[in-house]
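Chemist: Structure file run.txt (compact mmCIF, C-alpha atoms) is given on the next line.
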# COMPACT_ATOMS: atom_id res chain seq x y z
CA MET A 1 15.61 40.01 1.94
CA LYS A 2 12.01 39.99 0.92
CA GLU A 3 9.74 41.04 3.74
CA ARG A 4 7.09 38.54 4.61
CA THR A 5 3.67 39.96 4.09
CA ASP A 6 0.68 38.80 6.03
CA SER A 7 -0.55 37.07 2.92
CA ASP A 8 2.66 35.12 2.53
CA ARG A 9 2.42 34.12 6.17
CA ILE A 10 -1.12 32.84 5.68
CA VAL A 11 -0.03 30.76 2.71
CA LYS A 12 2.97 29.42 4.61
CA GLU A 13 0.78 28.41 7.54
CA TYR A 14 -1.57 26.65 5.17
CA LEU A 15 1.25 24.74 3.49
CA ASP A 16 2.75 23.80 6.86
CA GLU A 17 -0.61 22.46 7.95
CA LEU A 18 -0.80 20.52 4.73
CA ARG A 19 2.63 18.99 5.28
CA ASP A 20 1.63 17.92 8.78
CA ALA A 21 -1.54 16.32 7.50
CA LEU A 22 0.52 14.41 4.97
CA ALA A 23 3.00 13.07 7.51
CA GLN A 24 1.61 9.58 7.00
CA ILE A 25 2.40 9.46 3.31
CA SER A 26 5.77 8.74 1.72
CA SER A 27 7.85 11.87 1.77
CA ARG A 28 8.44 11.98 -1.95
CA SER A 29 4.75 11.86 -2.87
CA ALA A 30 3.94 14.33 -0.13
CA LYS A 31 6.66 16.75 -1.26
CA GLU A 32 5.52 16.64 -4.86
CA PHE A 33 1.93 17.15 -3.85
CA VAL A 34 2.71 20.13 -1.65
CA ALA A 35 4.82 21.58 -4.45
CA GLU A 36 1.88 21.32 -6.83
CA ILE A 37 -0.51 22.89 -4.36
CA GLU A 38 2.01 25.64 -3.71
CA GLN A 39 2.23 26.28 -7.41
CA HIS A 40 -1.56 26.27 -7.69
CA ILE A 41 -1.89 28.83 -4.92
CA ALA A 42 0.85 31.01 -6.42
CA GLU A 43 -0.92 31.07 -9.74
CA ALA A 44 -4.33 31.68 -8.25
CA ARG A 45 -2.96 34.56 -6.23
CA THR A 46 -2.02 36.48 -9.38
CA ASP A 47 -5.71 37.26 -9.77
CA LEU A 48 -5.81 38.83 -6.34
CA ASP A 49 -4.57 42.18 -5.11
CA SER A 50 -1.42 41.90 -3.04
CA GLY A 51 -3.06 43.03 0.18
CA ASP A 52 -6.29 41.14 -0.26
CA GLU A 53 -6.33 38.91 2.79
CA VAL A 54 -9.99 38.04 2.57
CA GLY A 55 -9.61 37.06 -1.04
CA LEU A 56 -6.66 34.89 -0.12
CA ARG A 57 -8.57 33.12 2.60
CA ASN A 58 -11.42 32.50 0.22
CA LEU A 59 -8.93 31.13 -2.27
CA LEU A 60 -7.51 28.73 0.28
CA GLU A 61 -11.03 27.63 1.16
CA ARG A 62 -11.67 26.88 -2.48
CA VAL A 63 -8.47 24.89 -2.65
CA GLY A 64 -9.69 22.84 0.28
CA SER A 65 -8.70 22.22 3.87
CA PRO A 66 -5.39 20.42 4.47
CA ALA A 67 -7.32 17.60 6.10
CA THR A 68 -9.53 17.11 3.06
CA LEU A 69 -6.63 17.20 0.64
CA ALA A 70 -4.59 14.80 2.71
CA GLY A 71 -7.55 12.43 2.84
CA GLU A 72 -7.92 12.58 -0.92
CA LEU A 73 -4.26 11.97 -1.51
CA LEU A 74 -4.34 9.01 0.84
CA GLU A 75 -7.26 7.62 -1.11
CA ALA A 76 -5.46 8.18 -4.38
CA GLU A 77 -2.23 6.57 -3.24
CA SER A 78 -3.79 3.34 -2.08
CA PRO A 79 -3.78 0.47 -4.54
CA ARG A 80 -7.12 -0.18 -6.18
CA TYR A 81 -6.72 -3.86 -6.66
CA VAL A 82 -4.73 -6.53 -4.94
CA SER A 83 -3.04 -8.67 -7.55
CA PHE A 84 -3.73 -12.35 -7.72
CA MET A 85 -0.06 -13.11 -7.19
CA ASP A 86 -0.03 -11.11 -3.97
CA ARG A 87 -3.04 -12.93 -2.65
CA ALA A 88 -1.52 -16.27 -3.51
CA THR A 89 1.94 -15.59 -2.12
CA PRO A 90 1.29 -16.17 1.60
CA TRP A 91 -0.36 -19.48 0.73
CA LEU A 92 2.47 -20.50 -1.54
CA ILE A 93 5.00 -19.65 1.12
CA ALA A 94 3.16 -21.70 3.71
CA LEU A 95 2.06 -24.69 1.65
CA GLY A 96 3.80 -24.48 -1.69
CA GLY A 97 6.68 -26.59 -0.48
CA PHE A 98 4.49 -29.66 -0.67
CA ALA A 99 4.34 -29.25 -4.45
CA PHE A 100 7.84 -30.63 -4.86
CA GLY A 101 9.19 -27.42 -3.39
CA ILE A 102 8.33 -25.58 -6.59
CA GLY A 103 5.28 -23.93 -5.07
CA TRP A 104 7.41 -22.41 -2.37
CA LEU A 105 9.90 -21.11 -4.91
CA VAL A 106 7.07 -19.51 -6.86
CA GLY A 107 5.84 -17.95 -3.62
CA LEU A 108 9.34 -16.70 -2.95
CA TYR A 109 9.47 -15.08 -6.35
CA GLY A 110 6.09 -13.49 -5.75
CA LEU A 111 7.24 -12.26 -2.37
CA TRP A 112 10.42 -10.60 -3.54
CA SER A 113 9.03 -9.10 -6.73
CA SER A 114 6.03 -7.57 -5.00
CA LYS A 115 5.71 -4.03 -3.77
CA THR A 116 3.33 -5.05 -1.04
CA TRP A 117 5.97 -6.19 1.43
CA ARG A 118 9.02 -4.46 2.74
CA ILE A 119 12.48 -5.89 3.11
CA TRP A 120 12.04 -7.18 6.65
CA ASP A 121 8.92 -9.09 5.81
CA LYS A 122 10.56 -10.41 2.68
CA LEU A 123 13.44 -11.74 4.75
CA LEU A 124 10.99 -13.17 7.24
CA GLY A 125 9.12 -14.95 4.50
CA THR A 126 12.32 -16.42 3.13
CA PHE A 127 14.09 -17.59 6.26
CA LEU A 128 11.28 -18.40 8.65
CA TRP A 129 10.91 -21.07 7.39
CA PRO A 130 12.65 -22.14 4.19
CA GLY A 131 10.19 -24.42 2.46
CA GLY A 132 7.30 -23.25 4.61
CA LEU A 133 5.34 -25.94 6.37
CA PHE A 134 6.92 -28.51 4.13
CA GLY A 135 10.35 -27.41 5.30
CA THR A 136 9.46 -27.76 8.95
CA PHE A 137 7.55 -30.94 8.32
CA TYR A 138 10.64 -32.36 6.74
CA LEU A 139 12.70 -31.50 9.79
CA ILE A 140 10.45 -33.52 12.01
CA VAL A 141 10.02 -36.46 9.71
CA ALA A 142 13.66 -36.64 8.69
CA PRO A 143 15.86 -39.18 10.38
CA THR A 144 16.06 -37.98 13.94
CA GLY A 145 19.43 -39.03 14.98
CA SER A 146 20.57 -42.48 14.17
CA ILE A 147 19.40 -45.91 14.88
CA SER A 148 21.79 -48.71 15.31
CA CYS A 149 20.65 -52.21 15.35
CA SER A 150 22.63 -55.12 16.50
CA ARG A 151 21.88 -58.68 16.38
CA SER A 152 22.99 -60.88 19.08
CA GLN A 153 22.80 -64.49 19.69
CA ASP A 154 23.03 -65.73 23.12
CA VAL A 155 24.97 -68.78 23.70
CA GLY A 156 22.73 -71.74 24.06
CA GLN A 157 19.74 -70.18 22.38
CA SER A 158 18.66 -70.74 18.82
CA ALA A 159 16.84 -67.50 18.30
CA THR A 160 18.57 -64.29 17.54
CA THR A 161 17.46 -61.15 19.11
CA THR A 162 17.67 -57.92 17.40
CA THR A 163 17.91 -54.85 19.43
CA CYS A 164 17.75 -51.43 17.99
CA VAL A 165 18.93 -48.52 19.89
CA HIS A 166 17.90 -45.01 19.06
CA HIS A 167 20.61 -42.48 19.25
CA GLY A 168 19.96 -38.87 18.82
CA PHE A 169 18.89 -36.18 21.12
CA PHE A 170 15.35 -35.55 19.98
CA LEU A 171 13.80 -38.79 20.95
CA ALA A 172 15.65 -38.79 24.23
CA LEU A 173 13.73 -35.72 25.23
CA PRO A 174 10.68 -36.13 27.32
CA LEU A 175 7.46 -36.05 25.37
CA ALA A 176 6.54 -32.59 26.49
CA PHE A 177 9.75 -31.11 25.13
CA ARG A 178 9.39 -32.92 21.89
CA LEU A 179 5.90 -31.57 21.50
CA LEU A 180 7.16 -28.11 22.30
CA VAL A 181 9.83 -28.33 19.65
CA VAL A 182 7.38 -29.65 17.10
CA PHE A 183 4.95 -26.89 17.98
CA ALA A 184 7.63 -24.23 17.65
CA ILE A 185 8.80 -25.54 14.32
CA LEU A 186 5.31 -25.83 12.91
CA SER A 187 4.13 -22.48 14.14
CA ALA A 188 7.05 -20.59 12.61
CA PRO A 189 5.91 -20.84 8.98
CA LEU A 190 2.33 -20.30 10.05
CA PHE A 191 3.32 -17.17 11.89
CA THR A 192 5.23 -15.98 8.85
CA SER A 193 2.37 -16.48 6.44
CA PHE A 194 -0.03 -14.93 8.89
CA ARG A 195 2.20 -11.90 9.10
CA LEU A 196 2.45 -11.68 5.29
CA SER A 197 -1.33 -11.85 4.96
CA LEU A 198 -1.77 -9.21 7.60
CA VAL A 199 0.50 -6.80 5.77
CA LEU A 200 -1.29 -7.62 2.54
CA SER A 201 -4.72 -6.80 3.89
CA ARG A 202 -3.90 -3.89 6.13
CA GLY A 203 -0.71 -2.45 4.77
CA TYR A 204 1.90 -0.84 6.94
CA ALA A 205 0.87 1.52 9.70
CA ASP A 206 2.76 4.39 8.12
CA ALA A 207 1.40 3.99 4.62
CA SER A 208 -1.91 4.59 2.88
CA LYS A 209 -4.91 2.31 3.31
CA PRO A 210 -7.65 1.30 0.85
CA ARG A 211 -10.64 2.48 2.78
CA GLY A 212 -9.44 5.38 4.84
CA VAL A 213 -9.68 3.24 7.95
CA ARG A 214 -6.64 3.17 10.15
CA LEU A 215 -5.71 0.75 12.91
CA ALA A 216 -5.41 2.32 16.31
CA ARG A 217 -1.98 0.77 16.60
CA PRO A 218 -0.13 -1.74 14.50
CA VAL A 219 -0.85 -5.31 15.47
CA LEU A 220 2.76 -6.32 15.15
CA SER A 221 5.58 -4.07 16.19
CA LYS A 222 7.14 -2.07 13.46
CA SER A 223 10.30 -0.76 15.02
CA LYS A 224 13.51 -1.99 13.49
CA LYS A 225 14.92 -3.16 16.78
CA GLN A 226 12.00 -5.44 17.44
CA ARG A 227 12.18 -6.80 13.93
CA VAL A 228 15.80 -7.74 14.48
CA LEU A 229 14.61 -9.48 17.61
CA TRP A 230 12.04 -11.45 15.65
CA ILE A 231 14.65 -12.56 13.16
CA ILE A 232 16.99 -13.60 15.96
CA VAL A 233 14.18 -15.56 17.55
CA GLY A 234 13.50 -17.22 14.26
CA LEU A 235 17.14 -18.12 13.78
CA GLY A 236 17.26 -19.32 17.35
CA ILE A 237 14.41 -21.68 16.75
CA PHE A 238 16.09 -22.83 13.59
CA ILE A 239 19.40 -23.57 15.25
CA PHE A 240 17.75 -25.12 18.26
CA ALA A 241 15.76 -27.40 16.02
CA LEU A 242 18.88 -28.43 14.17
CA LEU A 243 20.68 -29.29 17.37
CA VAL A 244 17.72 -31.02 18.87
CA LEU A 245 17.08 -33.16 15.88
CA GLY A 246 20.68 -34.22 15.86
CA VAL A 247 21.42 -33.14 12.31
CA MET B 1 -8.51 12.57 13.52
CA TRP B 2 -8.78 12.86 9.80
CA TYR B 3 -8.39 9.20 9.10
CA MET B 4 -11.66 8.07 10.53
CA VAL B 5 -14.28 6.11 8.64
CA VAL B 6 -16.34 8.40 6.44
CA GLY B 7 -20.13 8.13 6.57
CA GLY B 8 -21.73 5.78 4.06
CA THR B 9 -23.59 8.03 1.61
CA GLU B 10 -20.99 10.73 1.61
CA LYS B 11 -18.36 8.21 0.75
CA LEU B 12 -20.41 6.79 -2.09
CA LEU B 13 -21.05 10.18 -3.55
CA ALA B 14 -17.42 11.11 -3.20
CA GLN B 15 -16.41 7.93 -5.01
CA MET B 16 -18.81 8.62 -7.85
CA ARG B 17 -17.58 12.15 -8.11
CA ARG B 18 -14.00 11.01 -8.26
CA GLY B 19 -14.77 8.51 -10.97
CA ALA B 20 -16.67 10.96 -13.12
CA ILE B 21 -14.15 13.74 -12.68
CA GLU B 22 -11.32 11.44 -13.68
CA TYR B 23 -12.95 10.96 -17.06
CA CYS B 24 -13.59 14.66 -17.35
CA VAL B 25 -9.91 15.27 -16.79
CA LEU B 26 -9.02 12.75 -19.47
CA ALA B 27 -11.36 14.51 -21.85
CA LEU B 28 -9.72 17.84 -21.13
CA LEU B 29 -6.33 16.37 -21.89
CA MET B 30 -7.39 14.95 -25.22
CA THR B 31 -6.99 18.26 -26.99
CA GLU B 32 -3.77 19.42 -25.34
CA ASP B 33 -1.45 18.82 -22.41
CA ARG B 34 -2.36 20.92 -19.43
CA TYR B 35 -0.95 21.64 -16.02
CA GLY B 36 -2.84 21.26 -12.75
CA PHE B 37 -4.02 24.81 -12.31
CA GLU B 38 -5.46 24.97 -15.81
CA ILE B 39 -7.35 21.75 -15.23
CA THR B 40 -8.82 22.91 -11.93
CA ARG B 41 -9.89 26.15 -13.55
CA GLU B 42 -11.75 24.39 -16.34
CA LEU B 43 -13.42 21.96 -13.96
CA SER B 44 -14.43 24.74 -11.58
CA GLU B 45 -16.33 26.39 -14.38
CA ALA B 46 -18.72 23.46 -14.43
CA ASP B 47 -21.23 24.03 -11.68
CA GLY B 48 -21.08 21.64 -8.77
CA LEU B 49 -18.48 19.40 -10.31
CA VAL B 50 -15.58 20.09 -8.04
CA THR B 51 -15.99 20.80 -4.34
CA SER B 52 -12.37 21.65 -3.50
CA GLU B 53 -9.94 22.65 -6.22
CA GLY B 54 -7.06 21.00 -4.43
CA THR B 55 -8.70 17.58 -4.64
CA VAL B 56 -8.06 17.52 -8.37
CA TYR B 57 -4.37 16.94 -7.69
CA PRO B 58 -4.75 13.62 -5.87
CA LEU B 59 -7.03 12.64 -8.71
CA LEU B 60 -4.27 13.39 -11.18
CA THR B 61 -1.96 11.29 -9.03
CA ARG B 62 -4.39 8.41 -9.25
CA LEU B 63 -4.62 8.77 -13.03
CA ARG B 64 -0.85 8.68 -13.14
CA THR B 65 -0.46 5.56 -11.05
CA ASP B 66 -3.16 3.85 -13.08
CA GLY B 67 -1.20 4.69 -16.21
CA LEU B 68 -3.93 6.78 -17.79
CA VAL B 69 -1.88 9.97 -17.82
CA ASP B 70 1.77 10.91 -17.88
CA SER B 71 3.28 13.96 -16.29
CA TYR B 72 6.33 16.10 -16.87
CA TRP B 73 7.69 19.20 -15.21
CA GLN B 74 8.33 22.31 -17.20
CA GLU B 75 10.05 25.49 -16.17
CA SER B 76 7.77 28.48 -16.12
CA THR B 77 8.70 32.11 -16.51
CA GLU B 78 5.81 33.09 -14.29
CA GLY B 79 6.82 31.23 -11.17
CA PRO B 80 7.65 27.76 -9.86
CA PRO B 81 7.94 24.89 -12.37
CA ARG B 82 4.66 23.47 -13.57
CA ARG B 83 3.67 19.86 -13.73
CA TYR B 84 2.08 19.17 -17.09
CA TYR B 85 -0.17 16.21 -17.72
CA ARG B 86 -0.75 14.34 -20.93
CA VAL B 87 -3.10 11.48 -21.68
CA THR B 88 -1.65 8.06 -22.50
CA PRO B 89 -3.00 5.60 -25.07
CA GLN B 90 -4.57 3.62 -22.21
CA GLY B 91 -6.18 6.83 -20.99
CA LYS B 92 -7.56 7.47 -24.43
CA SER B 93 -9.12 4.04 -24.73
CA ALA B 94 -10.49 4.25 -21.17
CA LEU B 95 -12.13 7.54 -22.03
CA LYS B 96 -13.47 6.14 -25.26
CA SER B 97 -15.28 3.27 -23.54
CA PHE B 98 -16.56 5.62 -20.84
CA ILE B 99 -18.01 7.92 -23.48
CA GLU B 100 -19.81 4.97 -24.97
CA GLN B 101 -21.27 3.79 -21.67
CA TRP B 102 -21.95 7.03 -19.87
CA PRO B 103 -25.08 8.29 -21.70
CA ARG B 104 -26.86 4.99 -21.18
CA PHE B 105 -25.83 4.84 -17.56
CA ARG B 106 -26.76 8.43 -16.91
CA ASP B 107 -30.15 8.14 -18.57
CA SER B 108 -30.96 4.93 -16.72
CA VAL B 109 -30.13 6.45 -13.38
CA ASP B 110 -32.16 9.55 -14.19
CA ASP B 111 -35.04 7.40 -15.26
CA ILE B 112 -35.13 5.35 -12.09
CA LEU B 113 -34.60 8.35 -9.86
CA SER B 114 -37.48 10.16 -11.51
CA ARG B 115 -39.77 7.21 -10.86
CA GLY B 116 -39.01 7.61 -7.22
CA ARG B 117 -40.25 11.19 -7.06
What would you get if you wrote out this structure as structure tokens?

Modeler:
Amino acid sequence: MKERTDSDRIVKEYLDELRDALAQISSRSAKEFVAEIEQHIAEARTDLDSGDEVGLRNLLERVGSPATLAGELLEAESPRYVSFMDRATPWLIALGGFAFGIGWLVGLYGLWSSKTWRIWDKLLGTFLWPGGLFGTFYLIVAPTGSISCSRSQDVGQSATTTTCVHHGFFLALPLAFRLLVVFAILSAPLFTSFRLSLVLSRGYADASKPRGVRLARPVLSKSKKQRVLWIIVGLGIFIFALLVLGV
Amino acid sequence: MWYMVVGGTEKLLAQMRRGAIEYCVLALLMTEDRYGFEITRELSEADGLVTSEGTVYPLLTRLRTDGLVDSYWQESTEGPPRRYYRVTPQGKSALKSFIEQWPRFRDSVDDILSRGR
């Protein structure tokens, strides 16, 4: 077993520090980067004497501090431009449905083919709410329950009276509840598109950012469990709306 | 924390440096494929061009993601495998237009800066 020299230890400490500083970046990029730096150091060391600790430290200084390198890599990994399609997608998802539904489909294509969003947000964009604002709009405007009209003629009277009775749960609800349902259904696609735009402009908390500025904490929770919760909530609203509107 | 907002002028200078060095790297790769260490060595020879040698590697990453260079790993008898870089056709044309614009840009900046003295 090769005995670790002090020099090797110094290099190892440096590389460990570098790995820590890169914890925020995708592991594959970080691994490749550290491998390249390791190779660089190994090659630069061939110019030094084996026991030359001072020379080694100077070498590592010339390579740069782990913090500096990590900052540079972060800068390099961030996308330079945001594509037009990406910028348009949240809008298409929210409003595209009004263009005969085609706009929403285009937005859906843009959503799924983009690298900007991850799978959970892609699912969110698709299912909360299908058709975007148009989809939810349709739910409200669509026949809410059924209306049955009957015409009756009272004996002894010449006029006929027509009475229409609304069936269906939705309209039987007090106004406040109806407004609540409408609010919930309308806010779902808005929430979705807001979330998509947020990810677009700020990225994910564990990935690189355009300007080296990092949020103190993510605005929306990023743990998987809470995302499942959001999806369940969304589905819950969906099912509730279906029941309520008497479909 | 290392991910804080960098001061204004420093950031600007750093950006300019990155931009210029990227083209220098492309120029170095025009004649032959090189690996990272070679590139850093050549750049270090130019006074004041590169502050930290290690920062050349993220730069190479950027060139790769922008499609201006390609990279490939090659086994080396002298140690760990080396990552070689080669310039792509896009890289070549990017360098070509930079070479056309740079002298004018450089001279104009010099001119205006000298008026300020």

Chemist: In Å, with one decimal, what is the gap from CA of Asp6 in chain A to CA of Thr46 in chain A?

Modeler: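 Computing it gives 15.8 Å between the two atoms.
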
Chemist: For chain A against chain B, which residues fall within 9 Å using only C-alpha atoms, given as an MDAnalysis selection string?

Modeler: chainID A and resid 21 33 35:44 61:65 67:80 211:214

Chemist: With distances taken over all atoms listed in the file, which residue among B:Glu100, B:Glu10, B:Thr77, B:Arg17 lies nearest Gly48 in chain B?

Modeler: B:Arg17

Chemist: What does the distance between CA of Lys92 in chain B and CA of Val69 in chain B come to in Å, to one decimal place?

Modeler: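 A separation of 9.1 Å between them.
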
Chemist: Using the atoms already present, construct N, CA, C and O atoms for range 43-56 of chain B and hand them back as an mmCIF file, keeping the file's coordinate frame.

Modeler:
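Result went into part18.cif, see below:
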data_model
loop_
_atom_site.group_PDB
_atom_site.id
_atom_site.type_symbol
_atom_site.label_atom_id
_atom_site.label_comp_id
_atom_site.auth_asym_id
_atom_site.auth_seq_id
_atom_site.Cartn_x
_atom_site.Cartn_y
_atom_site.Cartn_z
ATOM 1 N N LEU B 43 -12.439 22.761 -14.684
ATOM 2 C CA LEU B 43 -13.420 21.960 -13.960
ATOM 3 C C LEU B 43 -14.278 22.841 -13.062
ATOM 4 O O LEU B 43 -15.470 22.589 -12.873
ATOM 5 N N SER B 44 -13.678 23.875 -12.484
ATOM 6 C CA SER B 44 -14.430 24.740 -11.580
ATOM 7 C C SER B 44 -15.528 25.477 -12.307
ATOM 8 O O SER B 44 -16.532 25.857 -11.705
ATOM 9 N N GLU B 45 -15.313 25.668 -13.607
ATOM 10 C CA GLU B 45 -16.330 26.390 -14.380
ATOM 11 C C GLU B 45 -17.619 25.599 -14.472
ATOM 12 O O GLU B 45 -18.700 26.169 -14.592
ATOM 13 N N ALA B 46 -17.512 24.293 -14.410
ATOM 14 C CA ALA B 46 -18.720 23.460 -14.430
ATOM 15 C C ALA B 46 -19.330 23.456 -13.049
ATOM 16 O O ALA B 46 -18.683 23.108 -12.073
ATOM 17 N N ASP B 47 -20.574 23.834 -12.968
ATOM 18 C CA ASP B 47 -21.230 24.030 -11.680
ATOM 19 C C ASP B 47 -21.337 22.722 -10.895
ATOM 20 O O ASP B 47 -21.815 21.710 -11.393
ATOM 21 N N GLY B 48 -20.881 22.775 -9.660
ATOM 22 C CA GLY B 48 -21.080 21.640 -8.770
ATOM 23 C C GLY B 48 -20.222 20.419 -9.045
ATOM 24 O O GLY B 48 -20.382 19.377 -8.413
ATOM 25 N N LEU B 49 -19.282 20.571 -9.977
ATOM 26 C CA LEU B 49 -18.480 19.400 -10.310
ATOM 27 C C LEU B 49 -17.390 19.145 -9.275
ATOM 28 O O LEU B 49 -17.206 18.036 -8.798
ATOM 29 N N VAL B 50 -16.716 20.224 -8.947
ATOM 30 C CA VAL B 50 -15.580 20.090 -8.040
ATOM 31 C C VAL B 50 -15.868 20.825 -6.738
ATOM 32 O O VAL B 50 -16.209 21.999 -6.758
ATOM 33 N N THR B 51 -15.748 20.148 -5.624
ATOM 34 C CA THR B 51 -15.990 20.800 -4.340
ATOM 35 C C THR B 51 -14.771 21.594 -3.877
ATOM 36 O O THR B 51 -14.867 22.773 -3.593
ATOM 37 N N SER B 52 -13.601 20.930 -3.830
ATOM 38 C CA SER B 52 -12.370 21.650 -3.500
ATOM 39 C C SER B 52 -11.419 21.532 -4.681
ATOM 40 O O SER B 52 -11.206 20.444 -5.200
ATOM 41 N N GLU B 53 -10.846 22.661 -5.061
ATOM 42 C CA GLU B 53 -9.940 22.650 -6.220
ATOM 43 C C GLU B 53 -8.748 21.742 -5.989
ATOM 44 O O GLU B 53 -8.267 21.072 -6.887
ATOM 45 N N GLY B 54 -8.266 21.761 -4.732
ATOM 46 C CA GLY B 54 -7.060 21.000 -4.430
ATOM 47 C C GLY B 54 -7.225 19.505 -4.608
ATOM 48 O O GLY B 54 -6.252 18.782 -4.816
ATOM 49 N N THR B 55 -8.486 19.025 -4.545
ATOM 50 C CA THR B 55 -8.700 17.580 -4.640
ATOM 51 C C THR B 55 -8.489 17.059 -6.051
ATOM 52 O O THR B 55 -8.439 15.854 -6.262
ATOM 53 N N VAL B 56 -8.341 17.953 -7.001
ATOM 54 C CA VAL B 56 -8.060 17.520 -8.370
ATOM 55 C C VAL B 56 -6.661 16.910 -8.449
ATOM 56 O O VAL B 56 -6.417 15.992 -9.225
#
